[in-house]
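Okay, coords_30.cif is below, mmCIF, C-alpha atoms:
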```
data_upload
#
loop_
_atom_site.label_atom_id
_atom_site.label_comp_id
_atom_site.auth_asym_id
_atom_site.auth_seq_id
_atom_site.Cartn_x
_atom_site.Cartn_y
_atom_site.Cartn_z
CA MET A 1 22.23 -16.66 -12.55
CA ASP A 2 19.10 -16.49 -10.40
CA TRP A 3 21.17 -16.35 -7.23
CA LEU A 4 23.47 -13.68 -8.68
CA GLN A 5 20.49 -11.47 -9.50
CA LEU A 6 18.74 -12.27 -6.24
CA PHE A 7 18.66 -8.71 -4.89
CA PHE A 8 18.65 -6.84 -8.21
CA LEU A 9 15.50 -8.19 -9.84
CA HIS A 10 13.53 -5.00 -9.23
CA PRO A 11 15.03 -1.53 -9.68
CA VAL A 12 13.14 -0.10 -6.70
CA SER A 13 14.93 -2.59 -4.42
CA LEU A 14 18.25 -1.37 -5.78
CA TYR A 15 17.46 2.28 -5.07
CA GLN A 16 16.02 1.51 -1.64
CA GLY A 17 19.14 -0.44 -0.79
CA ALA A 18 21.33 2.44 -1.98
CA ALA A 19 19.41 4.84 0.28
CA LEU A 20 19.91 2.65 3.37
CA PRO A 21 23.38 4.03 4.32
CA PHE A 22 22.06 7.60 4.14
CA ALA A 23 19.13 6.65 6.37
CA LEU A 24 21.55 5.20 8.91
CA LEU A 25 23.68 8.35 8.67
CA PHE A 26 20.65 10.55 9.32
CA ASN A 27 19.66 8.52 12.37
CA TYR A 28 23.23 8.53 13.69
CA LEU A 29 23.56 12.31 13.38
CA CYS A 30 20.20 12.84 15.06
CA ASN A 31 21.25 10.64 17.97
CA LEU A 32 24.38 12.77 18.40
CA ASP A 33 22.33 15.99 18.17
CA ALA A 34 24.73 17.08 15.42
CA PHE A 35 21.86 18.41 13.31
CA SER A 36 19.66 21.40 13.94
CA THR A 37 15.97 20.93 13.18
CA HIS A 38 16.17 22.82 9.89
CA ALA A 39 19.28 20.88 8.88
CA ARG A 40 17.36 17.64 9.45
CA TYR A 41 14.49 18.82 7.26
CA LEU A 42 16.95 19.85 4.55
CA PHE A 43 18.80 16.53 4.74
CA LEU A 44 15.59 14.54 4.25
CA LEU A 45 14.40 16.85 1.46
CA ALA A 46 17.73 16.85 -0.38
CA GLY A 47 17.90 13.09 -0.06
CA GLY A 48 14.42 12.82 -1.52
CA GLY A 49 15.33 15.05 -4.45
CA ALA A 50 18.52 13.11 -5.18
CA LEU A 51 16.78 9.74 -4.92
CA ALA A 52 13.97 10.95 -7.20
CA TRP A 53 16.39 12.09 -9.91
CA ALA A 54 18.39 8.87 -9.63
CA ALA A 55 15.36 6.56 -9.79
CA MET A 56 13.04 8.53 -12.11
CA GLY A 57 15.27 10.74 -14.20
CA SER A 58 13.39 13.58 -15.87
CA PHE A 59 10.08 11.99 -14.82
CA ALA A 60 10.83 13.23 -11.27
CA VAL A 61 9.26 16.53 -12.36
CA LEU A 62 5.90 14.71 -12.29
CA VAL A 63 6.40 14.26 -8.54
CA PHE A 64 7.98 17.64 -7.76
CA VAL A 65 5.23 19.69 -9.44
CA PRO A 66 2.24 18.27 -7.47
CA ALA A 67 4.25 18.45 -4.24
CA LEU A 68 4.92 22.15 -4.84
CA CYS A 69 1.32 22.87 -5.86
CA SER A 70 0.00 20.99 -2.82
CA ILE A 71 2.14 23.12 -0.50
CA VAL A 72 0.81 26.28 -2.16
CA LEU A 73 -2.77 25.09 -1.67
CA ILE A 74 -2.15 24.04 1.93
CA CYS A 75 -0.59 27.38 2.86
CA SER A 76 -3.15 29.53 1.06
CA LEU A 77 -6.47 27.83 1.84
CA GLY A 78 -8.47 27.65 5.04
CA PRO A 79 -8.83 24.44 7.08
CA GLN A 80 -12.37 23.80 5.90
CA GLU A 81 -11.61 23.83 2.18
CA VAL A 82 -8.02 22.67 2.00
CA HIS A 83 -8.76 18.94 1.92
CA ARG A 84 -11.36 19.05 -0.82
CA LEU A 85 -9.23 21.11 -3.22
CA THR A 86 -5.93 19.35 -2.56
CA PHE A 87 -7.64 15.97 -2.94
CA PHE A 88 -9.18 17.03 -6.26
CA PHE A 89 -5.91 18.43 -7.59
CA GLN A 90 -3.74 15.50 -6.50
CA MET A 91 -6.07 12.82 -7.87
CA SER A 92 -6.54 14.75 -11.12
CA TRP A 93 -2.79 14.99 -11.62
CA GLN A 94 -2.28 11.33 -10.77
CA THR A 95 -5.09 10.27 -13.10
CA LEU A 96 -3.55 12.20 -16.00
CA CYS A 97 -0.24 10.41 -15.39
CA HIS A 98 -2.03 7.04 -15.28
CA LEU A 99 -3.77 7.90 -18.56
CA GLY A 100 -0.30 8.34 -20.05
CA LEU A 101 0.44 4.76 -18.99
CA HIS A 102 -2.83 3.60 -20.57
CA TYR A 103 -1.90 5.37 -23.80
CA THR A 104 1.50 3.68 -23.91
CA GLU A 105 0.27 0.18 -23.04
CA TYR A 106 -3.07 -0.05 -24.83
CA TYR A 107 -2.85 2.40 -27.75
CA LEU A 108 0.83 2.33 -28.69
CA GLN A 109 1.17 -1.32 -27.56
CA GLU A 110 4.60 -0.53 -26.14
CA PRO A 111 6.12 -1.51 -22.77
CA PRO A 112 6.22 1.50 -20.43
CA SER A 113 9.48 2.97 -19.22
CA THR A 114 10.69 1.52 -15.93
CA ARG A 115 11.44 5.03 -14.66
CA PHE A 116 7.90 6.13 -15.51
CA CYS A 117 6.44 3.17 -13.58
CA ILE A 118 8.60 4.08 -10.56
CA THR A 119 7.34 7.66 -10.89
CA LEU A 120 3.70 6.52 -10.84
CA SER A 121 4.33 4.42 -7.75
CA SER A 122 5.98 7.37 -5.99
CA LEU A 123 3.13 9.62 -7.09
CA MET A 124 0.60 7.28 -5.49
CA LEU A 125 2.54 7.44 -2.22
CA LEU A 126 2.67 11.23 -2.50
CA THR A 127 -1.12 11.23 -2.80
CA GLN A 128 -1.30 9.37 0.50
CA ARG A 129 0.86 11.93 2.30
CA VAL A 130 -0.87 14.94 0.74
CA THR A 131 -4.37 13.74 1.62
CA SER A 132 -3.26 12.59 5.08
CA LEU A 133 -1.82 16.05 5.78
CA SER A 134 -4.86 17.87 4.40
CA LEU A 135 -7.17 15.69 6.52
CA ASP A 136 -5.09 16.46 9.60
CA ILE A 137 -5.41 20.19 8.86
CA CYS A 138 -9.15 19.88 8.23
CA GLU A 139 -9.64 17.99 11.51
CA GLY A 140 -7.54 20.47 13.49
CA LYS A 141 -4.69 18.06 14.22
CA VAL A 142 -2.18 20.23 12.36
CA GLU A 143 -2.10 24.03 12.30
CA VAL A 144 -0.64 25.76 9.27
CA ALA A 145 0.70 29.29 9.57
CA SER A 146 -1.07 31.35 6.93
CA GLY A 147 1.15 32.94 4.32
CA GLY A 148 -1.36 35.33 2.82
CA THR A 149 -0.55 38.46 0.84
CA ARG A 150 -1.07 40.71 3.85
CA SER A 151 1.76 39.06 5.73
CA ARG A 152 4.81 41.28 6.13
CA SER A 153 7.20 38.39 6.47
CA SER A 154 9.86 38.11 3.79
CA LEU A 155 9.77 35.52 1.05
CA LEU A 156 12.67 33.68 2.67
CA GLU A 157 10.78 33.42 5.96
CA ARG A 158 7.69 32.08 4.20
CA LEU A 159 9.77 29.45 2.42
CA TRP A 160 11.42 28.54 5.72
CA LYS A 161 7.97 27.96 7.25
CA THR A 162 7.00 25.61 4.41
CA LEU A 163 10.20 23.54 4.77
CA PRO A 164 8.61 20.94 7.10
CA TYR A 165 5.81 20.33 4.59
CA PHE A 166 8.18 20.02 1.62
CA SER A 167 10.37 17.69 3.62
CA TYR A 168 7.41 15.56 4.68
CA LEU A 169 6.08 15.15 1.15
CA LEU A 170 9.46 14.26 -0.37
CA PHE A 171 11.56 12.76 2.45
CA PHE A 172 13.67 9.98 0.98
CA PRO A 173 12.92 7.03 3.35
CA ALA A 174 9.28 7.04 2.16
CA LEU A 175 9.68 8.37 -1.39
CA LEU A 176 9.65 5.00 -3.18
CA GLY A 177 7.83 2.87 -0.62
CA GLY A 178 7.04 2.23 2.99
CA PRO A 179 4.08 2.52 5.35
CA LEU A 180 2.33 5.88 5.58
CA CYS A 181 3.79 8.14 8.25
CA SER A 182 1.57 10.93 9.58
CA PHE A 183 2.84 14.50 9.58
CA GLN A 184 2.63 14.72 13.37
CA ARG A 185 4.80 11.63 13.77
CA PHE A 186 7.23 12.86 11.12
CA GLN A 187 7.52 16.28 12.76
CA ALA A 188 7.94 14.85 16.25
CA ARG A 189 10.71 12.55 15.03
CA VAL A 190 12.61 15.32 13.23
CA GLN A 191 12.25 17.95 15.95
CA GLY A 192 13.04 15.67 18.89
CA SER A 193 15.88 13.36 19.71
CA SER A 194 15.63 9.79 18.54
CA SER A 195 13.33 7.71 20.75
CA VAL A 196 14.19 4.48 18.94
CA CYS A 197 16.47 2.24 21.04
CA PRO A 198 19.73 1.70 19.05
CA ARG A 199 20.05 -1.92 20.20
CA HIS A 200 16.38 -2.60 19.46
CA SER A 201 16.72 -0.95 16.04
CA PHE A 202 19.83 -3.02 15.23
CA TRP A 203 18.15 -6.33 16.02
CA ALA A 204 14.99 -5.26 14.19
CA LEU A 205 16.99 -4.44 11.05
CA THR A 206 18.94 -7.69 11.33
CA TRP A 207 15.73 -9.71 11.67
CA ARG A 208 14.19 -7.93 8.68
CA GLY A 209 17.33 -8.56 6.66
CA LEU A 210 17.13 -12.28 7.38
CA GLN A 211 13.44 -12.30 6.45
CA ILE A 212 14.19 -10.55 3.15
CA VAL A 213 16.92 -13.08 2.32
CA GLY A 214 14.54 -15.96 3.08
CA LEU A 215 11.75 -14.44 0.99
CA GLU A 216 14.08 -13.80 -1.94
CA CYS A 217 15.23 -17.42 -1.82
CA LEU A 218 11.63 -18.58 -1.83
CA LYS A 219 10.96 -16.27 -4.77
CA VAL A 220 13.71 -17.97 -6.78
CA VAL A 221 12.17 -21.37 -6.08
CA MET A 222 8.64 -20.20 -6.80
CA ARG A 223 9.72 -18.45 -10.00
CA ARG A 224 11.19 -21.71 -11.27
CA VAL A 225 7.97 -23.53 -10.39
CA VAL A 226 5.86 -20.95 -12.25
CA SER A 227 8.22 -20.90 -15.26
CA ALA A 228 8.25 -24.69 -15.51
CA GLY A 229 4.46 -24.93 -15.57
CA THR A 230 1.85 -23.79 -18.04
CA GLY A 231 0.08 -20.44 -18.00
CA LEU A 232 -3.62 -19.68 -17.81
CA ALA A 233 -3.75 -19.70 -21.61
CA ASP A 234 -2.57 -23.35 -21.82
CA CYS A 235 -3.82 -24.93 -18.58
CA GLN A 236 -6.70 -27.37 -18.55
CA GLN A 237 -9.52 -27.67 -16.01
CA LEU A 238 -8.24 -28.22 -12.44
CA GLN A 239 -4.66 -27.52 -13.51
CA CYS A 240 -5.64 -23.84 -13.75
CA ILE A 241 -6.18 -23.76 -9.98
CA TYR A 242 -2.57 -24.79 -9.37
CA VAL A 243 -1.37 -22.21 -11.91
CA MET A 244 -3.36 -19.48 -10.18
CA TRP A 245 -2.18 -20.47 -6.70
CA SER A 246 1.53 -20.65 -7.64
CA THR A 247 1.46 -17.38 -9.58
CA ALA A 248 -0.31 -15.56 -6.75
CA GLY A 249 2.22 -17.04 -4.32
CA LEU A 250 5.03 -15.46 -6.33
CA PHE A 251 3.22 -12.12 -6.28
CA LYS A 252 2.75 -12.28 -2.52
CA LEU A 253 6.40 -13.14 -1.88
CA THR A 254 7.39 -10.14 -3.99
CA TYR A 255 5.09 -7.84 -2.01
CA TYR A 256 6.32 -9.17 1.34
CA SER A 257 9.96 -8.69 0.36
CA HIS A 258 9.39 -5.13 -0.87
CA TRP A 259 7.38 -4.18 2.20
CA LEU A 260 10.05 -5.47 4.55
CA LEU A 261 12.77 -3.58 2.64
CA ASP A 262 10.73 -0.37 2.68
CA ASP A 263 10.04 -0.85 6.37
CA SER A 264 13.74 -1.40 7.04
CA LEU A 265 14.61 1.92 5.40
CA LEU A 266 12.21 3.75 7.71
CA TRP A 267 13.62 1.89 10.70
CA ALA A 268 17.17 2.80 9.67
CA ALA A 269 16.22 6.49 9.48
CA GLY A 270 14.66 6.34 12.96
CA PHE A 271 11.00 6.36 11.94
CA GLY A 272 10.25 2.95 13.43
CA PRO A 273 8.20 2.38 16.60
CA GLU A 274 9.42 4.02 19.79
CA CYS A 275 10.89 2.08 22.70
CA GLY A 276 8.17 0.11 24.44
CA GLN A 277 5.79 0.41 21.50
CA SER A 278 4.83 -2.63 19.51
CA PRO A 279 4.66 -2.36 15.71
CA GLY A 280 0.90 -2.74 15.67
CA GLU A 281 0.14 0.19 17.94
CA GLU A 282 -1.25 3.48 16.71
CA GLY A 283 1.37 5.70 15.13
CA TYR A 284 3.52 3.04 13.49
CA ILE A 285 1.79 0.62 11.14
CA PRO A 286 3.97 -1.86 9.24
CA ASP A 287 2.55 -3.00 5.92
CA ALA A 288 3.49 -6.67 6.22
CA ASP A 289 1.84 -8.96 8.77
CA ILE A 290 2.81 -12.16 6.99
CA TRP A 291 1.65 -14.59 9.67
CA THR A 292 -1.89 -13.19 9.77
CA LEU A 293 -2.12 -12.91 5.99
CA GLU A 294 -1.13 -16.54 5.47
CA THR A 295 -3.15 -18.09 8.31
CA THR A 296 -6.43 -16.16 8.44
CA HIS A 297 -9.61 -17.82 7.21
CA ARG A 298 -11.42 -14.47 6.87
CA ILE A 299 -11.24 -12.30 3.77
CA SER A 300 -12.23 -9.25 5.82
CA LEU A 301 -9.26 -9.72 8.16
CA PHE A 302 -6.94 -10.32 5.22
CA THR A 303 -8.18 -7.06 3.71
CA ARG A 304 -7.40 -5.09 6.87
CA LYS A 305 -3.93 -6.62 7.19
CA TRP A 306 -2.89 -6.47 3.53
CA ASN A 307 -0.81 -3.30 3.12
CA GLN A 308 -2.03 -2.12 6.53
CA SER A 309 -1.13 1.56 6.36
CA THR A 310 -2.85 1.92 2.98
CA ALA A 311 -5.91 0.05 4.29
CA ARG A 312 -6.17 2.47 7.23
CA TRP A 313 -5.62 5.44 4.94
CA LEU A 314 -8.46 4.28 2.67
CA ARG A 315 -10.70 3.71 5.67
CA ARG A 316 -10.06 7.21 6.96
CA LEU A 317 -10.23 8.91 3.56
CA ILE A 318 -13.23 7.17 2.01
CA PHE A 319 -14.95 4.59 4.22
CA GLN A 320 -15.56 6.82 7.25
CA HIS A 321 -17.00 9.57 5.04
CA GLY A 322 -19.11 7.33 2.82
CA ARG A 323 -22.85 7.64 3.29
CA ALA A 324 -24.18 5.01 0.87
CA CYS A 325 -22.30 1.74 0.36
CA PRO A 326 -19.03 2.91 1.98
CA LEU A 327 -17.36 -0.46 1.37
CA LEU A 328 -18.07 -0.33 -2.35
CA GLN A 329 -16.97 3.33 -2.49
CA THR A 330 -13.69 2.45 -0.79
CA PHE A 331 -12.79 -0.33 -3.22
CA ALA A 332 -13.94 1.74 -6.21
CA PHE A 333 -11.65 4.56 -5.11
CA SER A 334 -8.83 2.07 -4.61
CA ALA A 335 -9.25 0.99 -8.25
CA TRP A 336 -9.12 4.68 -9.29
CA TRP A 337 -6.03 5.29 -7.15
CA HIS A 338 -4.29 2.27 -8.68
CA GLY A 339 -4.93 3.44 -12.25
CA LEU A 340 -8.32 2.10 -13.43
CA HIS A 341 -6.93 -0.72 -15.54
CA PRO A 342 -9.69 -3.21 -16.52
CA GLY A 343 -8.30 -5.97 -14.32
CA GLN A 344 -7.96 -3.59 -11.39
CA VAL A 345 -11.55 -2.36 -11.68
CA PHE A 346 -12.86 -5.93 -11.83
CA GLY A 347 -10.52 -7.15 -9.10
CA PHE A 348 -11.29 -4.44 -6.55
CA LEU A 349 -15.05 -4.57 -7.13
CA CYS A 350 -14.91 -8.36 -6.79
CA TRP A 351 -12.91 -7.88 -3.58
CA ALA A 352 -15.64 -5.62 -2.18
CA VAL A 353 -18.30 -8.25 -2.87
CA MET A 354 -16.16 -10.96 -1.29
CA VAL A 355 -15.67 -8.91 1.89
CA GLU A 356 -19.41 -8.30 2.14
CA ALA A 357 -20.05 -12.01 1.67
CA ASP A 358 -17.39 -12.84 4.25
CA TYR A 359 -19.19 -10.83 6.93
CA LEU A 360 -22.48 -12.64 6.35
CA ILE A 361 -21.01 -16.12 5.96
CA HIS A 362 -18.98 -16.01 9.15
CA THR A 363 -21.82 -14.38 11.10
CA PHE A 364 -24.16 -17.25 10.25
CA ALA A 365 -21.40 -19.84 10.73
CA ASN A 366 -20.67 -18.61 14.26
CA VAL A 367 -24.33 -19.07 15.12
CA PHE A 368 -24.92 -22.52 13.65
CA ILE A 369 -21.55 -24.28 13.93
CA ARG A 370 -21.00 -25.23 17.58
CA SER A 371 -19.08 -28.51 17.82
CA TRP A 372 -15.29 -28.45 17.87
CA PRO A 373 -14.77 -30.92 14.96
CA MET A 374 -17.16 -28.97 12.75
CA GLN A 375 -15.47 -25.69 13.65
CA LEU A 376 -12.08 -27.15 12.73
CA LEU A 377 -13.45 -28.44 9.43
CA TYR A 378 -15.13 -25.11 8.75
CA ARG A 379 -11.97 -23.11 9.47
CA THR A 380 -9.90 -25.40 7.23
CA LEU A 381 -12.32 -25.12 4.31
CA SER A 382 -12.79 -21.37 4.75
CA TRP A 383 -9.01 -20.85 4.94
CA THR A 384 -8.54 -22.74 1.67
CA HIS A 385 -11.36 -20.85 0.02
CA THR A 386 -10.06 -17.50 1.29
CA GLN A 387 -6.56 -18.11 -0.08
CA LEU A 388 -7.95 -19.16 -3.47
CA ILE A 389 -10.25 -16.14 -3.71
CA ILE A 390 -7.37 -13.81 -2.80
CA ALA A 391 -5.25 -15.52 -5.46
CA TYR A 392 -8.05 -14.95 -7.99
CA ILE A 393 -8.31 -11.26 -7.11
CA MET A 394 -4.54 -10.84 -7.17
CA LEU A 395 -4.23 -12.29 -10.67
CA ALA A 396 -7.02 -10.02 -11.89
CA VAL A 397 -5.40 -6.90 -10.39
CA GLU A 398 -1.83 -7.75 -11.43
CA GLY A 399 -2.87 -8.92 -14.91
CA ARG A 400 -4.56 -5.55 -15.49
CA SER A 401 -5.38 -6.07 -19.18
CA LEU A 402 -8.65 -7.32 -20.66
CA SER A 403 -6.93 -10.31 -22.26
CA SER A 404 -5.54 -11.50 -18.92
CA LEU A 405 -8.90 -10.91 -17.27
CA TRP A 406 -10.64 -12.92 -19.98
CA LEU A 407 -8.33 -15.90 -19.48
CA LEU A 408 -8.85 -15.79 -15.71
CA SER A 409 -12.63 -15.46 -15.83
CA ASN A 410 -12.97 -18.34 -18.31
CA SER A 411 -10.97 -20.76 -16.15
CA TYR A 412 -12.17 -23.06 -13.37
CA ASN A 413 -10.89 -20.47 -10.89
CA SER A 414 -14.06 -18.39 -11.29
CA VAL A 415 -15.92 -21.05 -9.31
CA PHE A 416 -14.46 -19.81 -6.01
CA PRO A 417 -15.77 -16.21 -6.08
CA MET A 418 -19.02 -17.45 -7.59
CA VAL A 419 -19.61 -19.67 -4.53
CA TYR A 420 -19.29 -16.61 -2.28
CA CYS A 421 -21.60 -14.61 -4.56
CA VAL A 422 -24.29 -17.30 -4.33
CA LEU A 423 -23.90 -17.52 -0.54
CA LEU A 424 -24.09 -13.72 -0.31
CA PHE A 425 -27.36 -13.73 -2.23
CA LEU A 426 -28.89 -16.53 -0.16
CA LEU A 427 -27.75 -15.23 3.23
CA ALA A 428 -28.68 -11.64 2.44
CA LYS A 429 -32.15 -12.81 1.48
CA ARG A 430 -32.41 -14.83 4.68
CA LYS A 431 -31.15 -11.91 6.75
CA TYR A 432 -33.77 -9.66 5.15
CA LYS A 433 -36.52 -12.15 6.12
CA PHE A 434 -35.27 -12.27 9.71
CA ASN A 435 -35.23 -8.47 9.90
#
```
Please lay out the structure from this file as structure tokens.
Amino acid sequence: MDWLQLFFLHPVSLYQGAALPFALLFNYLCNLDAFSTHARYLFLLAGGGALAWAAMGSFAVLVFVPALCSIVLICSLGPQEVHRLTFFFQMSWQTLCHLGLHYTEYYLQEPPSTRFCITLSSLMLLTQRVTSLSLDICEGKVEVASGGTRSRSSLLERLWKTLPYFSYLLFFPALLGGPLCSFQRFQARVQGSSSVCPRHSFWALTWRGLQIVGLECLKVVMRRVVSAGTGLADCQQLQCIYVMWSTAGLFKLTYYSHWLLDDSLLWAAGFGPECGQSPGEEGYIPDADIWTLETTHRISLFTRKWNQSTARWLRRLIFQHGRACPLLQTFAFSAWWHGLHPGQVFGFLCWAVMVEADYLIHTFANVFIRSWPMQLLYRTLSWTHTQLIIAYIMLAVEGRSLSSLWLLSNSYNSVFPMVYCVLLFLLAKRKYKFN
């Protein structure tokens, strides 16, 4: 039964897979120049609307309304004030929707609707695109034609001018997932001919498909391992470490599989990297760098590579504008953006402390550890500790509730972040004396 349900365990995967043929059709028509620019915008927008109704049902209105209001704000406000107001409106709307989830889960004690959860996920991605576009306008990277009341253009012409923005906010390859695509990149792709090599795109999609199959097979095995063992409520002493590691491993495999599927949909639509451009270059940022995530011994590097496009978006939106404690501000905002569940607040604040400790620990280690055997031993121990801390944070964030957080914090697993907290205190004190 597990193998039969291999690719249908999560509804988002089903909808993303259903959208794949339409993404290939869009790319094919663009390569043949069979579409005008406006027809391409309409195709992406109509596909986004259809996918939203199919995946979210009536909850799709919760995505359409903020998209419409954001376009109105973008077209009516000046460059200097557009980002602040659109950011405030979008996050307020998203927070109200997350409060609805809190009400269902914690007050009514009922499982939330799957369609509503998909809607919240799509709304979070919409927030990324809205704020990215408003920042581009504020920084002068994108110019918006003003549609003020003094304009003599007809209503139809004004709507025609807003079509690229509507299409960008709701285009179907990125509606339910995928790395953040900037408006400039989106517009250049739609207005120009495809610059993605067909042969390169074919092999890239084939390789991603094989990776997804392998990850799904590993998920089946890992799910059986987790199901056969005890949970955090029943584990004893050191057994809790194995429970935490195996559960976090299942979470990571799920994320990797979803990210690769989302990435494949963008590739199929022609929004992958251009010919001669590697996936890590500026402009195209894939979310999954599995090799780095699984081999790094630095929490700070793991943080930058985990969900890369979101990490860069948070850095641009919060970290670069933070005056006092920008790292803490960034992770606090990330907890807000994710929904402010108790486990998420604890997990992201703990993550911020771990990153700060990571900087100090590895700075001092690079100074005092010189011999090759000691460096190898240090990297091995720090890799193990990094993976266990990430597993601890992941269980806190994914558990979300206070009861899950209580079980996690009362287990032996809390030793690992506590070690970094103690080292942070000692090294920060020593650094202060040196200064």
12 Å contact set for Arg312 of chain A, only C-alpha atoms, chain neighbours under 5 positions out, as a PyMOL selection string = chain A and resi 128+132+179-182+282-287+303-307+317-320+330
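Among A:Leu99, A:Leu250, A:His38, A:Leu340, the residue with the shortest atom-to-atom distance to Arg224 of chain A, counting all atoms listed in the file, is A:Leu250.
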So which one's closest to Ser404 of chain A, A:Thr384, A:Gln109, A:Gln344, A:Gln375? Using all atoms listed in the file, please.
->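 For Ser404 of chain A, the nearest of the given residues is A:Gln344.
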How would you write, as a ChimeraX atom specification, the residues chosen by the PyMOL selection byres ((chain A and resi 45) around 8) on this structure?
-> /A:41-44,46-49,166-168,170-172
Find, counting only C-alpha atoms, the residue in A:Ser122, A:Ser300, A:Ser257, A:Ser227 that gets nearest to Gln211 of chain A.
->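 Of the candidates, the smallest distance to Gln211 of chain A is held by A:Ser257.
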Mind listing as a ChimeraX atom specification all residues within 12 Å of (-28.1, -12.2, -0.2), counting all atoms listed in the file?
-> /A:353,356-361,420-433
Using all atoms listed in the file, which residue out of A:Thr114, A:His102, A:Pro21, A:Ala288 lies closest to Arg400 of chain A?
->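 Nearest to Arg400 of chain A: A:His102.
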Could you tell me, as a tab-separated table (two decimals) with C-alpha atoms, in the coordinates of the input, exactly which residues end up selected when the PyMOL selection byres ((chain A and resi 22) around 10) is applied to this structure?
```
chain	number	residue	atom	x	y	z
A	17	GLY	CA	19.14	-0.44	-0.79
A	18	ALA	CA	21.33	2.44	-1.98
A	19	ALA	CA	19.41	4.84	0.28
A	20	LEU	CA	19.91	2.65	3.37
A	21	PRO	CA	23.38	4.03	4.32
A	23	ALA	CA	19.13	6.65	6.37
A	24	LEU	CA	21.55	5.20	8.91
A	25	LEU	CA	23.68	8.35	8.67
A	26	PHE	CA	20.65	10.55	9.32
A	27	ASN	CA	19.66	8.52	12.37
A	28	TYR	CA	23.23	8.53	13.69
A	43	PHE	CA	18.80	16.53	4.74
A	44	LEU	CA	15.59	14.54	4.25
A	47	GLY	CA	17.90	13.09	-0.06
A	172	PHE	CA	13.67	9.98	0.98
A	173	PRO	CA	12.92	7.03	3.35
A	265	LEU	CA	14.61	1.92	5.40
A	268	ALA	CA	17.17	2.80	9.67
A	269	ALA	CA	16.22	6.49	9.48
```
May I have the protein, DNA and RNA residues with an atom at most 12 Å from (-8.8, 20.3, 1.4), counting all atoms listed in the file in the file's coordinates, returned as a PyMOL selection string?
-> chain A and resi 70-90+130-139+317
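The spacing separating atom CA of Phe331 of chain A from atom CA of Gly272 of chain A amounts to 28.6 Å.
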Report as a PyMOL selection string the full result of the PyMOL selection byres ((chain A and resi 245) around 12) when it is applied to this structure.
-> chain A and resi 222+225-226+229+231-232+238-244+246-252+384-395+413
Counting all atoms listed in the file, the option among A:Gln237, A:Ser13, A:Ser201, A:Ser92 closest to Ser411 of chain A |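 Answer, going by the shortest atom-to-atom distance: A:Gln237.
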Could you check how far atom CA of Cys325 of chain A sits from atom CA of Leu96 of chain A, in Å to one decimal?
->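 Between atom CA of Cys325 of chain A and atom CA of Leu96 of chain A the gap is 27.0 Å.
Computed from the coordinates, the atom CA of Gly270 of chain A to atom CA of Val190 of chain A distance equals 9.2 Å.
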Using all atoms listed in the file, which of A:Leu215, A:Val367, A:Leu253, A:Met354 sits nearest Leu293 of chain A?
-> A:Leu253
Contacts of Leu349 of chain A at 10 Å (all atoms listed in the file; same-chain gap of 6+ positions) as JSON, numbers by chain | {"A": [327, 328, 329, 330, 331, 332, 333, 334, 335, 343, 393]}
Write out as a compact mmCIF listing (two decimals) with C-alpha atoms, in the coordinates of the input which residues come within 12 Å of Arg115 of chain A when counting all atoms listed in the file, dropping same-chain ones fewer than 2 positions away.
```txt
# COMPACT_ATOMS: atom_id res chain seq x y z
CA HIS A 10 13.53 -5.00 -9.23
CA PRO A 11 15.03 -1.53 -9.68
CA VAL A 12 13.14 -0.10 -6.70
CA TYR A 15 17.46 2.28 -5.07
CA ALA A 52 13.97 10.95 -7.20
CA TRP A 53 16.39 12.09 -9.91
CA ALA A 54 18.39 8.87 -9.63
CA ALA A 55 15.36 6.56 -9.79
CA MET A 56 13.04 8.53 -12.11
CA GLY A 57 15.27 10.74 -14.20
CA SER A 58 13.39 13.58 -15.87
CA PHE A 59 10.08 11.99 -14.82
CA ALA A 60 10.83 13.23 -11.27
CA VAL A 61 9.26 16.53 -12.36
CA LEU A 62 5.90 14.71 -12.29
CA LEU A 101 0.44 4.76 -18.99
CA PRO A 111 6.12 -1.51 -22.77
CA PRO A 112 6.22 1.50 -20.43
CA SER A 113 9.48 2.97 -19.22
CA CYS A 117 6.44 3.17 -13.58
CA ILE A 118 8.60 4.08 -10.56
CA THR A 119 7.34 7.66 -10.89
CA LEU A 120 3.70 6.52 -10.84
CA SER A 121 4.33 4.42 -7.75
CA SER A 122 5.98 7.37 -5.99
CA LEU A 176 9.65 5.00 -3.18
```
